[in-house]
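Chemist: My structure file upload_1.cif, mmCIF, C-alpha atoms, is below:
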```
data_protein
loop_
_atom_site.label_atom_id
_atom_site.label_comp_id
_atom_site.auth_asym_id
_atom_site.auth_seq_id
_atom_site.Cartn_x
_atom_site.Cartn_y
_atom_site.Cartn_z
CA MET A 155 146.47 181.45 104.44
CA ASP A 156 142.89 182.37 103.57
CA LYS A 157 140.50 181.43 106.37
CA PHE A 158 137.66 180.90 103.85
CA LYS A 159 139.57 178.52 101.54
CA ASN A 160 137.40 175.55 102.58
CA TYR A 161 134.49 177.24 100.79
CA ASN A 162 136.25 177.60 97.41
CA ILE A 163 134.84 175.85 94.39
CA ALA A 164 137.61 175.15 91.92
CA PHE A 165 136.25 175.45 88.39
CA THR A 166 139.50 175.24 86.43
CA GLY A 167 139.80 171.77 84.95
CA LEU A 168 136.06 171.05 85.20
CA LYS A 169 134.33 170.10 81.99
CA THR A 170 131.51 172.18 80.60
CA GLY A 171 128.27 171.05 82.23
CA LYS A 172 126.76 170.57 85.67
CA HIS A 173 128.70 169.76 88.84
CA GLN A 174 127.45 169.33 92.39
CA PHE A 175 129.08 170.28 95.70
CA ARG A 176 127.93 170.03 99.33
CA PHE A 177 129.07 171.99 102.39
CA GLU A 178 128.18 171.47 106.05
CA ILE A 179 127.95 174.77 107.95
CA ASN A 180 128.18 175.05 111.74
CA GLN A 181 129.19 177.67 114.32
CA ALA A 182 132.87 177.50 113.28
CA PHE A 183 131.88 178.94 109.88
CA PHE A 184 130.20 181.97 111.45
CA ASP A 185 133.12 182.47 113.87
CA LEU A 186 135.34 183.09 110.81
CA PHE A 187 133.46 186.35 110.20
CA GLY A 188 134.09 187.66 113.74
CA ILE A 189 130.61 189.18 114.02
CA GLU A 190 128.13 188.31 116.74
CA GLN A 191 124.98 186.60 115.47
CA GLU A 192 121.44 186.62 116.86
CA PHE A 193 121.33 182.82 116.73
CA THR A 194 123.23 179.81 118.06
CA LYS A 195 123.80 176.19 117.10
CA PRO A 196 123.54 176.48 113.31
CA ARG A 197 123.09 173.13 111.54
CA ILE A 198 123.06 174.09 107.89
CA GLN A 199 123.72 172.26 104.65
CA VAL A 200 124.58 174.06 101.44
CA ASP A 201 124.05 172.22 98.15
CA VAL A 202 125.73 173.95 95.22
CA LEU A 203 125.01 173.21 91.58
CA LEU A 204 127.56 174.68 89.20
CA ASP A 205 126.62 174.84 85.54
CA LYS A 206 129.83 175.67 83.72
CA HIS A 207 129.56 177.24 80.27
CA THR A 208 132.41 178.32 78.01
CA THR A 209 132.15 182.05 78.86
CA PHE A 210 130.37 182.10 82.24
CA MET A 211 129.20 179.95 85.17
CA GLU A 212 125.87 179.66 86.92
CA PHE A 213 125.77 178.80 90.62
CA TRP A 214 122.60 177.64 92.36
CA LEU A 215 122.91 177.61 96.15
CA ASP A 216 120.31 175.74 98.21
CA ILE A 217 120.81 176.65 101.88
CA THR A 218 118.75 174.52 104.29
CA GLY A 219 118.92 173.65 107.97
CA ASP A 220 118.12 174.98 111.42
CA ILE A 221 119.37 177.66 113.77
CA GLU A 222 118.45 178.22 117.39
CA LEU A 223 116.75 181.51 118.27
CA VAL A 224 115.48 183.01 121.54
CA CYS A 225 111.83 184.11 121.63
CA ASP A 226 111.42 187.86 122.11
CA ILE A 227 108.39 187.32 124.37
CA SER A 228 108.96 184.18 126.43
CA ASN A 229 112.80 184.06 126.28
CA GLU A 230 112.41 180.40 125.28
CA GLU A 231 114.94 178.84 122.89
CA PHE A 232 113.53 177.23 119.74
CA ASP A 233 114.72 175.85 116.41
CA TYR A 234 114.04 178.00 113.36
CA PRO A 235 114.20 176.50 109.85
CA ILE A 236 116.41 178.11 107.21
CA ASN A 237 115.52 177.65 103.55
CA GLN A 238 117.19 180.01 101.10
CA ASN A 239 117.77 179.59 97.37
CA MET A 240 120.11 181.76 95.32
CA LYS A 241 121.18 181.92 91.71
CA ILE A 242 124.41 183.72 90.87
CA LEU A 243 125.97 184.26 87.46
CA VAL A 244 129.78 184.41 87.54
CA LYS A 245 131.86 185.68 84.65
CA GLN A 246 135.52 186.47 84.28
CA GLY A 247 136.76 189.99 83.61
CA GLU A 248 139.55 192.43 84.37
CA GLU A 249 138.91 192.76 88.12
CA TYR A 250 136.57 191.60 90.88
CA ASP A 251 133.18 193.32 90.79
CA ASP A 252 130.11 192.38 92.83
CA SER A 253 128.18 195.63 92.41
CA ASN A 254 125.43 193.79 90.52
CA GLU A 255 123.40 191.46 92.79
CA GLU A 256 122.93 188.80 90.13
CA VAL A 257 126.27 188.91 88.27
CA ILE A 258 129.70 188.68 89.90
CA THR A 259 132.82 189.34 87.87
CA ILE A 260 136.05 187.66 88.96
CA PRO A 261 139.56 188.24 87.53
CA HIS A 262 140.76 186.05 84.63
CA SER A 263 143.58 184.82 86.88
CA ASP A 264 141.17 183.20 89.40
CA SER A 265 140.77 179.44 89.24
CA ASP A 266 138.11 179.10 91.93
CA PHE A 267 135.08 180.89 93.33
CA ASN A 268 134.48 181.36 97.06
CA ILE A 269 130.87 181.02 98.26
CA ALA A 270 131.45 181.89 101.96
CA GLN A 271 130.09 185.46 101.77
CA LEU A 272 127.03 184.35 99.79
CA VAL A 273 126.21 181.63 102.33
CA TYR A 274 126.73 184.02 105.24
CA GLU A 275 124.43 186.65 103.73
CA GLY A 276 121.82 184.02 102.83
CA VAL A 277 121.61 182.78 106.41
CA MET A 278 121.71 186.23 108.00
CA LEU A 279 118.90 187.47 105.76
CA SER A 280 116.79 184.44 106.75
CA VAL A 281 116.77 185.38 110.44
CA PRO A 282 113.44 187.06 111.26
CA MET A 283 113.32 190.49 112.88
CA LYS A 284 110.61 189.37 115.32
CA LYS A 285 111.48 186.05 116.93
CA LEU A 286 108.39 184.29 118.24
CA SER A 287 108.46 180.75 119.58
CA PRO A 288 106.20 178.28 117.78
CA ASN A 289 104.89 177.36 121.26
CA LEU A 290 102.99 180.66 121.26
CA LYS A 291 100.19 179.12 119.25
CA ASP A 292 97.70 181.95 119.28
CA GLU A 293 97.13 185.51 120.44
CA ASP A 294 95.85 184.37 123.85
CA ASP A 295 99.24 182.83 124.70
CA TYR A 296 100.91 186.02 123.56
CA HIS A 297 98.62 188.24 125.67
CA GLN A 298 98.97 185.98 128.73
CA LEU A 299 102.75 186.27 128.58
CA LEU A 300 102.55 190.03 128.08
CA GLU A 301 100.27 190.30 131.12
CA LYS A 302 102.57 188.11 133.19
CA TYR A 303 105.78 189.99 132.36
CA SER A 304 104.48 193.54 131.96
CA PRO A 305 105.24 195.96 134.79
CA LYS A 306 102.34 196.41 137.19
CA ILE A 307 101.04 199.94 137.68
CA LYS A 308 100.64 200.82 141.36
CA GLU A 309 97.70 203.00 142.19
CA GLU A 310 98.38 206.20 144.11
CA GLU A 311 96.92 205.50 147.54
CA GLN A 312 97.47 208.92 149.01
CA GLU A 313 96.72 211.10 146.06
CA ASP A 314 95.27 213.90 148.20
CA GLU A 315 98.38 214.35 150.32
CA ILE A 316 100.70 216.93 148.82
CA ASP A 317 104.32 217.45 149.76
CA PRO A 318 104.38 220.43 152.17
CA ARG A 319 106.91 222.26 149.99
CA TRP A 320 104.53 222.09 147.02
CA ALA A 321 101.59 223.11 149.25
CA ALA A 322 103.42 226.33 150.21
CA LEU A 323 104.08 227.11 146.56
CA LYS A 324 100.45 226.41 145.69
CA LYS A 325 99.31 228.92 148.34
CA LEU A 326 101.53 231.57 146.77
CA LYS A 327 100.04 230.80 143.36
CA ASP A 328 96.46 230.94 144.68
CA ASN A 329 97.10 234.35 146.33
CA ASN A 330 97.97 235.90 142.96
#
```
As a first step, turn the structure in this file into structure tokens.
Modeler:
Amino acid sequence: MDKFKNYNIAFTGLKTGKHQFRFEINQAFFDLFGIEQEFTKPRIQVDVLLDKHTTFMEFWLDITGDIELVCDISNEEFDYPINQNMKILVKQGEEYDDSNEEVITIPHSDSDFNIAQLVYEGVMLSVPMKKLSPNLKDEDDYHQLLEKYSPKIKEEEQEDEIDPRWAALKKLKDNN
């Protein structure tokens, strides 16, 4: 049994024209991939518009919702909005081929198209590299947190005192 079957869009039997589908995505969806994510608590909705033509299909995916991220500076959790739009052209051919980013070829024998990988990639590419909480309103907040959590440099109090072993070596060096 295919673990992604809930994300199949059956196009066989559909009339030529536009058809709408909606999917609710949560953590269970991402657990299917078995890869650790940088976010938690996804609350995502995927609206799919399928425009079926006689020789090909157009899919428009509108991925919207929120995920929870952890701020890189303050370690505070915050909601981050996801808004991703994709357009994919699907045609039927001899074998599956997704080497072209905009056109996917599926075998003639297929009667449905699975959007799970497209949704997964759309969400993962929406996660920012630098995760900053919206509560860090300006650069002053950022610098205050850096100052607070940066390691403090201790001044050398006894800079003049030298380890006696090094002092003996220094005398040998000075004699030459």
Chemist: To one decimal place, how far is CA of Glu256 in chain A from CA of Ile242 in chain A in Å?
Modeler: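 It comes out at 5.3 Å.
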Chemist: For this structure, which residues satisfy the selection - the PyMOL selection byres ((chain A and resi 238) around 6) - when it is evaluated on the file as given? I want them as a PDB file with C-alpha atoms, in the coordinates of the input.
Modeler:
```pdb
ATOM      1  CA  ILE A 217     120.810 176.650 101.880  1.00  0.00           C
ATOM      2  CA  ASN A 237     115.520 177.650 103.550  1.00  0.00           C
ATOM      3  CA  ASN A 239     117.770 179.590  97.370  1.00  0.00           C
TER       4      ASN A 239
END
```
Chemist: Using all atoms listed in the file, I'd like a table of the residues in range 165-185 of chain A that come within 9 Å of range 261-265 of chain A; for each, show the closest atom pair and its distance in Å rounded to one decimal, ordered by chain and ascending number, as JSON lines.
Modeler:
```
{"residue": "A:Phe165", "atom": "CA", "partner": "A:Ser265", "partner_atom": "CA", "distance": 6.1}
{"residue": "A:Thr166", "atom": "CA", "partner": "A:Ser265", "partner_atom": "CA", "distance": 5.2}
{"residue": "A:Gly167", "atom": "CA", "partner": "A:Ser265", "partner_atom": "CA", "distance": 8.8}
```
Chemist: Using only C-alpha atoms, I'd like a table of the residues in range 247-289 of chain A that come within 12 Å of range 186-205 of chain A; for each, show the closest atom pair and its distance in Å rounded to one decimal, ordered by chain and ascending number, as a tab-separated table.
Modeler:
```
residue	atom	partner	partner_atom	distance
A:Asp266	CA	A:Leu204	CA	11.8
A:Phe267	CA	A:Leu204	CA	10.6
A:Asn268	CA	A:Val202	CA	11.6
A:Ile269	CA	A:Val202	CA	9.3
A:Ala270	CA	A:Phe187	CA	9.6
A:Gln271	CA	A:Phe187	CA	9.1
A:Leu272	CA	A:Val200	CA	10.7
A:Val273	CA	A:Val200	CA	7.8
A:Tyr274	CA	A:Phe187	CA	8.7
A:Glu275	CA	A:Phe187	CA	11.1
A:Gly276	CA	A:Val200	CA	10.4
A:Val277	CA	A:Ile198	CA	8.9
A:Met278	CA	A:Gln191	CA	8.2
A:Leu279	CA	A:Glu192	CA	11.4
A:Ser280	CA	A:Phe193	CA	11.1
A:Val281	CA	A:Glu192	CA	8.0
A:Pro282	CA	A:Glu192	CA	9.8
A:Met283	CA	A:Glu192	CA	9.8
A:Lys284	CA	A:Glu192	CA	11.3
A:Lys285	CA	A:Glu192	CA	10.0
```
Chemist: So how many Å separate CA of Glu230 in chain A and CA of Glu301 in chain A, to one decimal?
Modeler: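 So the answer is 16.7 Å.
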Chemist: At what distance in Å, to one decimal, does CA of Thr170 in chain A lie from CA of Thr218 in chain A?
Modeler: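 Value for the CA of Thr218 in chain A-CA of Thr170 in chain A distance: 27.0 Å.
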Chemist: Determine the nearest neighbour of Val224 in chain A from the options A:Ala322, A:Leu286, A:Phe183, A:Glu315, counting only C-alpha atoms.
Modeler: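 Checking each of A:Ala322, A:Leu286, A:Phe183, A:Glu315 against Val224 in chain A, counting only C-alpha atoms, the winner is A:Leu286.
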Chemist: Go through A:Phe210, A:Phe177, A:Trp320, A:Tyr234 one by one, measure the shortest atom-to-atom distance of each to Gln246 in chain A using only C-alpha atoms, and give the residue with the smallest value.
Modeler: A:Phe210
Chemist: If you apply the PyMOL selection byres ((chain A and resi 259) around 6) to this file, what residues do you get, as an MDAnalysis selection string?
Modeler: chainID A and resid 244:247 250:251 258 260
Chemist: Could you put an axis-aligned box around every listed atom of range 205-208 of chain A, padded by 5 Å on each side, and send me its centre and edge lengths in Å to one decimal, as lines of an AutoDock Vina configuration file?
Modeler:
```
center_x = 129.5
center_y = 176.6
center_z = 81.8
size_x = 15.8
size_y = 13.5
size_z = 17.5
```
Chemist: Smallest atom-to-atom distance to Met240 in chain A: which of A:Asp216, A:Asp317, A:Asn329, A:Ser228, using all atoms listed in the file?
Modeler: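 Result for the nearest residue to Met240 in chain A: A:Asp216.
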